[in-house]
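As structure tokens, the structure follows; a few thoughts come after it.
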Amino acid sequence: MPTDEQFRALFEPRGVVVAGASTHPGKFGFVSLHNILACGFEGKVFATNLDGAPVLGVDTVPSIDDLPAGEADLVFVCTPKGANPDLLRACARKGIRAAFLTSAGYGESGEQGRADEAELVALCDELGILLAGPNGQGVVSTPASLCAQIVAPYPPAGSIGVASQSGNFVSSFLNMATATGIGISRAVSAGNAAATTVADFLGWYATDDATSVGLAYVEGIDDGRGFYDAIRAITPSNPVVLVKGGATSGGARAASSHTGSLATDDRVFDGACRQAGVTRAATVEEAFEAAATLATQPLPSGNRVVVMTTAGGWGVVTADAISRSRVLELVELPEDLLAEVDTLLPPRWSRNNPVDLAGGETRDTIPQVMEMIARHPSVDSIVYLGIGIQSNQAAMMKAGRFYPDHGLERIVEYHRRQDARFAQAAHDISVATGKPILTATELAVSDPSNSGPATVRETGRLCYPSANRAVTALEHLTRYAQFRRRTPVA
Amino acid sequence: MSSSSTSSSRTLSEAESKEFLAPYGLPIAPEQVSATAAEAASAAARIGFPVVAKLCGDTIAHKTERGLVRLNLTDAAAVESAATDLLAAARPEDGEVGVLVAPMISGNRELIAGLSLDEQFGMTVMLGVGGVLAEAIADVSIRLIPITPADAEAMLDDLASRALLGEFRGEPPVDRAAVVATLMALNDAAVAHPELVSVDLNPLIISSGRPVAVDALVELGEPQPSAR
């Protein structure tokens with residue numbers, strides 16, 4: 001396991017060297033330098049190029065030996081693998097403590113590659129350099145404005161720390177962060193994970209103030225017991241969300257050709273995850289949404305959920321999803337809560353969970369009912385549906401040929417303001433009560449500018465694209481809360 | 001690392017297996033091994049009818065496949081006759097054999113529990129739904145050794161066929177504490193014996209709500225270094 005100082009050299013370097021910078025915009029050595037410069041890294045940026053040609057306005061030097069000592073902590077290696085041993089030795093002489101290797105031809109490519117990889121690991125160990133990769137796509141660190149990767153995007157800042165055995169899944173998670181606004185603290189493509197494993201990165205994230213949730217993609221795991229022990233040490237204080245490729249025999253064959261490591265019986269892996277308090281997701285979007293939920297919602301103190309909706313069908317389907325859950329309980333509304341809500345709504349409201357307002361609400365009813373529910377001691381969390389409907393109508397009115405006359409301007413503004421208010425209320429009431437309130441509407445996808453989902457986003461929370469996805473995320477959140485309650489921090 | 005069936009591993013006979021597991025308090029049906037049919041009949045009388053009779057010996061692992069199990073024997077004559085047949089069915093390669101007599105445990109539900117050495121995760125403990133459809137249903141929950149009682153509870157909750165654990169066809173609900181105790185006993189055996197490769201308690205019959213193992217099979221190999 002690398003030291004904290006080495007991890008900081010990787011994620012918060014004072015300066016970065018791109019080794020093997022290229023003038024060809026299709027090469028890794030160009031793209032990585034471009035991304036570092038374009039995303040506003042504030043430290044010093046150096047580059048090596050055999051011809052010494054400037055790249056993107058950066059003067060290059062032919063060799064690491066020509067660089068000043070003590071100014072760079074990280075080297076981003078885009079050179080062919082044969083050049084790397086001498087390169088790394090030169091880096092160590094300049095005080096560099098972390099190396100990210102994109103170079104291929106190591107453990108993923110046969111016996112010779114594996115032997116070379118073992119030598120590479122031994123060399124970095126001897127030099128005191130943290131080795132990330134090889135065969136990886138890069139590293140992102142929003143607190144340092146660092147985007148040292150050969151792919152896009154650079155995500156919004158947040159508290160999810162990503163570590164992945166597949167570089168493209170790093171991109172997927174960062175794309176989802178961009179789409180939802182739930183941001184990223186650190187992200188790393190572990191590549192072959194020759195020296196620094198996904199579990200190592202997750203372990204450091206757990207100590208990192210900028211990161212509140214670890215999110216990982218793994219395929220084969222060589223040392224399952226070691227992985228379990230490492231993760232089990234993290235979860236009592238920090239959640240870890242994991243999606244695993246190779247869970248089926250077909251996927252396992254694809255995984256073994258992908259990273260060259262073994263797949264285990266999925267039932268053993270699944271049991272190990274349960275035991276370790278890992279949030280295991282079946283799909284990549286489920287994993288991201290679970291991580292986003294853990295990063296932005298408080299942990300519930302129990303499993304009792306109330307669904308609050310402004311229309312019937314949504315609530316029914318959501319109640320079905322909660323009833324099918326092995327974790328969540330669709331709680332029966334207590335008498336005192338029924339009586340309280342009765343004071344605000346006409347008698348046609350559902351008087352049941354889901355709390356269906358049945359169109360009986362007036363200007364202030366939604367935040368008031370939501371607060372009554374959230375404050376009740378028999379309720380642990382809320383799924384809130386129906387936000388944005390009026391603003392959706394408002395958008396049509398605004399786009400139509402009658403706007404702004406016939407009173408349209410005023411009603412459009414009113415609807416937009418109301419949906420923003422409801423989204424803000426969901427956030428504020430959640431903060432005030434310490435209970436999760438998850439807001440769901442497909443408008444988050446169909447019209448993110450709708451003031452409902454747009455305001456959910458502004459409050460720093462995820463607007464779930466469907467109620468079912470909100471329920472799945474809440475199930476993960478609740479399961480993790482249960483694990484935390486029964487597991488003391490070591 | 002070791003695979004779950006190393007070349008150096010050996011499987012204990014049923015009687016040896018039960019003896020091996022005896023110190024850990026597993027709910028294993030009482031039994032007696034007899035050398036002759038007459039002894040088997042008197043052992044059955046002491047245990048109480050109905051009983052089962054099985055041919056057992058050091059090298060006999062798959063009794064059911066070879067037809068070496070006789071169920072629901074209700075009197076001494078039936079036991080003596082069954083034991084005579086079983087002893088006659090012994091093959092030379094079976095080595096020294098005897099007739100094992102045990103009470104006939106009845107219940108409509110069966111579970112499976114056991115230990116198994118995983119190549120990547122080391123020793124694991126398993127709980128599953130048993131019976132003839134067990135393999136097709138594949139409803140099992142696995143944890144890594146060592147486990148806590150909370151882990152064992154969670155294993156019960158993992159089972160998809162949870163309805164099986166409630167009241168069932170006139171039988172009381174499964175005694176969860178007894179299942180948890182069974183899993184903890186397996187845990188203790190695994191921790192005490194780094195040379196264990198696998199343990200099979202199959203079936204674990206739910207009799208009046210409590211699990212009872214009527215068969216046990218222990219496989220031993222080289223001691224495993226870590227992770228216990």
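Chain labels run A, B, ... following the order of the structure tokens; each chain numbers its residues from 1, and ligands are numbered from 1 in the order shown.
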
With only C-alpha atoms as the counted atoms, please give the residues lying no more than 12 Å from Ser166 of chain A, apart from itself and same-chain residues fewer than 2 positions off, as a count of residues only. 34

For Val278 of chain A, work out the shell of residues within 8 Å, counting only C-alpha atoms and skipping chain neighbours fewer than 3 positions away, then give it as a ChimeraX atom specification. /A:231,235,239-242,273-275,480

Within 9 Å of chain B, which residues of chain A are there when counting only C-alpha atoms? Please give them as a list in words.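 Residues passing the distance filter: Ile221, Asp222, Asp223, Gly224, Arg225, Gly226, Phe227, Tyr228, Leu262, Ala263, Thr264, Asp265, Arg267, Val268, Phe269, Asp270, Gly271, Ala272, Cys273, Arg274, Gln275, Arg326 and Arg486 of chain A.
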
Keeping only N, CA and C atoms, write the selected residues to a file as a CSV table (one decimal), in the first residue's frame.
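Printed below is result.csv as written:
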chain,number,residue,atom,x,y,z
A,221,ILE,N,-10.5,-10.6,-9.5
A,221,ILE,CA,-9.7,-10.2,-8.3
A,221,ILE,C,-8.7,-11.3,-8.0
A,222,ASP,N,-7.4,-11.1,-8.1
A,222,ASP,CA,-6.5,-12.2,-7.8
A,222,ASP,C,-6.5,-12.6,-6.4
A,223,ASP,N,-6.6,-11.7,-5.5
A,223,ASP,CA,-6.5,-12.0,-4.1
A,223,ASP,C,-7.8,-11.6,-3.4
A,224,GLY,N,-8.8,-12.5,-3.5
A,224,GLY,CA,-10.1,-12.1,-3.0
A,224,GLY,C,-10.1,-11.8,-1.5
A,225,ARG,N,-9.4,-12.6,-0.7
A,225,ARG,CA,-9.3,-12.4,0.7
A,225,ARG,C,-8.7,-11.1,1.1
A,226,GLY,N,-7.6,-10.7,0.3
A,226,GLY,CA,-7.0,-9.4,0.6
A,226,GLY,C,-7.9,-8.3,0.2
A,227,PHE,N,-8.7,-8.4,-0.9
A,227,PHE,CA,-9.6,-7.4,-1.3
A,227,PHE,C,-10.7,-7.3,-0.2
A,228,TYR,N,-11.2,-8.4,0.3
A,228,TYR,CA,-12.2,-8.4,1.3
A,228,TYR,C,-11.7,-7.6,2.6
A,262,LEU,N,-8.4,-13.7,-12.6
A,262,LEU,CA,-9.4,-14.8,-12.5
A,262,LEU,C,-10.7,-14.2,-12.0
A,263,ALA,N,-11.8,-14.9,-12.4
A,263,ALA,CA,-13.1,-14.6,-11.8
A,263,ALA,C,-13.4,-15.7,-10.8
A,264,THR,N,-14.2,-15.3,-9.8
A,264,THR,CA,-14.5,-16.3,-8.8
A,264,THR,C,-16.0,-16.6,-8.9
A,265,ASP,N,-16.5,-17.6,-8.1
A,265,ASP,CA,-17.9,-17.9,-8.1
A,265,ASP,C,-18.6,-16.6,-7.6
A,267,ARG,N,-21.4,-16.1,-6.3
A,267,ARG,CA,-22.1,-16.2,-5.0
A,267,ARG,C,-21.2,-16.0,-3.8
A,268,VAL,N,-19.9,-16.4,-4.0
A,268,VAL,CA,-18.9,-16.1,-2.9
A,268,VAL,C,-18.6,-14.6,-2.9
A,269,PHE,N,-18.4,-14.1,-4.1
A,269,PHE,CA,-18.2,-12.6,-4.1
A,269,PHE,C,-19.3,-11.8,-3.5
A,270,ASP,N,-20.5,-12.2,-3.9
A,270,ASP,CA,-21.7,-11.5,-3.4
A,270,ASP,C,-21.8,-11.6,-1.8
A,271,GLY,N,-21.5,-12.8,-1.3
A,271,GLY,CA,-21.6,-13.0,0.1
A,271,GLY,C,-20.5,-12.1,0.8
A,272,ALA,N,-19.3,-12.1,0.2
A,272,ALA,CA,-18.2,-11.3,0.7
A,272,ALA,C,-18.6,-9.8,0.8
A,273,CYS,N,-19.3,-9.4,-0.3
A,273,CYS,CA,-19.8,-8.0,-0.3
A,273,CYS,C,-20.8,-7.7,0.8
A,274,ARG,N,-21.7,-8.6,1.0
A,274,ARG,CA,-22.7,-8.4,2.0
A,274,ARG,C,-22.0,-8.3,3.4
A,275,GLN,N,-21.1,-9.2,3.6
A,275,GLN,CA,-20.4,-9.3,4.9
A,275,GLN,C,-19.6,-8.1,5.1
A,326,ARG,N,-36.5,-6.2,-0.3
A,326,ARG,CA,-36.2,-7.0,0.9
A,326,ARG,C,-35.7,-6.2,2.0
A,486,ARG,N,-24.9,-1.8,12.9
A,486,ARG,CA,-24.4,-3.0,13.6
A,486,ARG,C,-22.9,-3.2,13.6

Which is closer to Ser430 of chain A than all the others in A:Thr102, A:Thr459, A:Ser323, A:Asn84, using only C-alpha atoms?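 Under the stated criterion, the closest residue is A:Thr459.
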
Between A:Asp356, A:Asp65, A:Asp200, A:Asp419, which is the closest to Gly315 of chain A once you count only C-alpha atoms?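 Nearest to Gly315 of chain A: A:Asp356.
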
Mind checking which residues fall within 8 Å of Val218 of chain B, counting only C-alpha atoms, ignoring those fewer than 3 positions away in the same chain, and posting them as an NGL selection string? :B and (11-14 or 17 or 20 or 196-200)

Can you measure atom CA of Lys81 of chain A to atom CA of Pro153 of chain A for me? One decimal in Å is fine. 26.2 Å

Would you return as an MDAnalysis selection string the members of segment 203-344 of chain A that DSSP assigns to strand (DSSP E or B) on this structure's backbone? chainID A and resid 213:218 240:244 279:281 304:309 329:330

Quick one: distance from atom CA of Gly360 of chain A to atom CA of Lys398 of chain A in Å, one decimal? 25.6 Å

Atom CA of Glu39 of chain B to atom CA of Val99 of chain B: how many Å, to one decimal?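 Atom-to-atom, atom CA of Glu39 of chain B to atom CA of Val99 of chain B, that is 9.0 Å.
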